[in-house]
Every structure is written in C-alpha cells, then in structure tokens.
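Novice: Could you have a look at this structure, given as structure tokens, before my questions?
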Amino acid sequence: MSKFLAIIMSYDTEKIQLGLMFYQNMKMAGHSVRVAFFGPSERALAEDQELKKMVEALQEKPKACVLCAKQYSIENKINELADLILVGNYIAESVEQGYIIITF
C-alpha cells in the first residue's frame with residue numbers, strides 16, 4: 001500500500017472538501033494517509049461549520065500549523081479540531097518516511 005500526506009492549504013471550501021474526501025477514500029482503501037492544514041485552510045476551518053463537521057468525522061485528528069494559527073489568532077478554534085504542530089517539520093519527516101505529498 002502507498003503512503004500519502006495530503007497538505008490542505010487552500011481557503012476554497014471545495015478544494016478543502018476534495019482533500020478530506022481524498023483522505024477518507026485512501027484510508028478506506030487501506031493506504032497510510034496523513035492530513036495537514038496549512039495557512040489559509042486553517043482560517044476556513046475555523047470559520048466554516050460544514051468543514052468542522054467533516055474534520056470531526058475523520059478517523060483521526062489531523063495536524064495544523066501552530067505558527068499559522070497564531071498568525072491568524074485562531075489557535076483555540078483550531079486546537080479543538082487538529083493537533084497544532086510545526087507543519088514544515090511534519091512535511092520533512094513525512095518525506096523522509098516515504099510519504100507522497102498531495103496538495104489541495
């Protein structure tokens with residue numbers, strides 16, 4: 001099976017939903033899949049109730065960039081939905097572990 005890291009960066013709701021559907025479909029197919037929110041997508045997640053519901057339905061808590069959340073002053077909202085980490089380091093670690101990067 002393959003290993004994927006879906007990095008969701010877009011503020012566009014449709015692109016975020018596509019990234020979340022990709023995550024769910026690949027998980028159901030038995031692949032190792034990670035998801036990380038990075039930048040503008042974190043703002044969208046903090047603001048959009050439908051996206052929040054989709055994230056809450058995931059099999060595991062996604063990651064989100066602590067620096068971006070601080071920049072946008074949304075740490076509390078994002079921390080409820082995702083683990084706040086340094087996403088740049090997470091990307092580097094994932095590449096070292098053989099994950100294929102997909103961006104949305």
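Identifiers for the structure tokens are assigned positionally: chains receive A, B, ... in sequence, residues are indexed from 1 per chain, and ligands are indexed from 1 in the order shown.
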As a PyMOL selection string, list the residues of chain A assigned to alpha helix (DSSP H) by DSSP on the backbone atoms of this structure.

Specialist: chain A and resi 13-28+40-47+49-56+66-71+75-79+87-96

Novice: Selection from above, C-alpha atoms, as a tab-separated table (two decimals), in the first residue's frame, can you write it?

Specialist:
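Saved to selection_5.tsv:
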chain	number	residue	atom	x	y	z
A	13	THR	CA	-14.11	25.18	0.54
A	14	GLU	CA	-14.43	22.88	-2.48
A	15	LYS	CA	-10.68	22.22	-2.53
A	16	ILE	CA	-10.68	21.53	1.21
A	17	GLN	CA	-13.60	19.12	0.83
A	18	LEU	CA	-11.74	17.39	-2.02
A	19	GLY	CA	-8.68	16.95	0.21
A	20	LEU	CA	-10.80	15.49	3.01
A	21	MET	CA	-12.58	13.12	0.61
A	22	PHE	CA	-9.19	12.02	-0.76
A	23	TYR	CA	-8.07	11.28	2.80
A	24	GLN	CA	-11.19	9.24	3.57
A	25	ASN	CA	-11.13	7.28	0.29
A	26	MET	CA	-7.45	6.40	0.57
A	27	LYS	CA	-7.92	5.34	4.22
A	28	MET	CA	-10.83	3.08	3.24
A	40	PRO	CA	-5.38	29.83	4.66
A	41	SER	CA	-7.13	26.48	5.01
A	42	GLU	CA	-6.86	26.88	8.78
A	43	ARG	CA	-8.85	30.13	8.60
A	44	ALA	CA	-11.52	28.40	6.52
A	45	LEU	CA	-11.68	25.54	9.01
A	46	ALA	CA	-12.08	27.96	11.91
A	47	GLU	CA	-14.95	29.76	10.14
A	49	GLN	CA	-19.28	24.79	10.29
A	50	GLU	CA	-19.63	22.26	7.46
A	51	LEU	CA	-15.86	21.83	7.26
A	52	LYS	CA	-15.70	21.40	11.03
A	53	LYS	CA	-18.22	18.55	10.79
A	54	MET	CA	-16.19	16.88	8.05
A	55	VAL	CA	-12.99	17.10	10.10
A	56	GLU	CA	-14.70	15.78	13.22
A	66	VAL	CA	0.71	26.25	15.08
A	67	LEU	CA	2.52	29.26	13.57
A	68	CYS	CA	-0.27	29.93	11.07
A	69	ALA	CA	-2.93	29.51	13.76
A	70	LYS	CA	-1.11	32.06	15.93
A	71	GLN	CA	-0.73	34.45	12.99
A	75	GLU	CA	-5.35	28.71	17.99
A	76	ASN	CA	-8.27	27.88	20.28
A	77	LYS	CA	-10.66	27.13	17.42
A	78	ILE	CA	-8.15	25.02	15.51
A	79	ASN	CA	-6.85	23.17	18.56
A	87	VAL	CA	3.85	21.59	9.82
A	88	GLY	CA	7.11	22.27	7.99
A	89	ASN	CA	8.86	19.72	10.21
A	90	TYR	CA	5.94	17.29	9.74
A	91	ILE	CA	6.27	17.56	5.97
A	92	ALA	CA	10.02	16.91	6.13
A	93	GLU	CA	9.53	13.89	8.43
A	94	SER	CA	6.80	12.51	6.18
A	95	VAL	CA	9.03	12.79	3.09
A	96	GLU	CA	11.85	11.03	4.95

Novice: Considering only C-alpha atoms, return as a list in words whatever protein or nucleic-acid residues lie within 7 Å of Phe37 in chain A, sequence-local ones (same chain, fewer than 2 positions apart) excluded.

Specialist: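 The filter keeps Ile7, Ile8, Met9, Val35, Gly39, Ser41, Glu42, Lys63, Ala64 and Cys65 of chain A.
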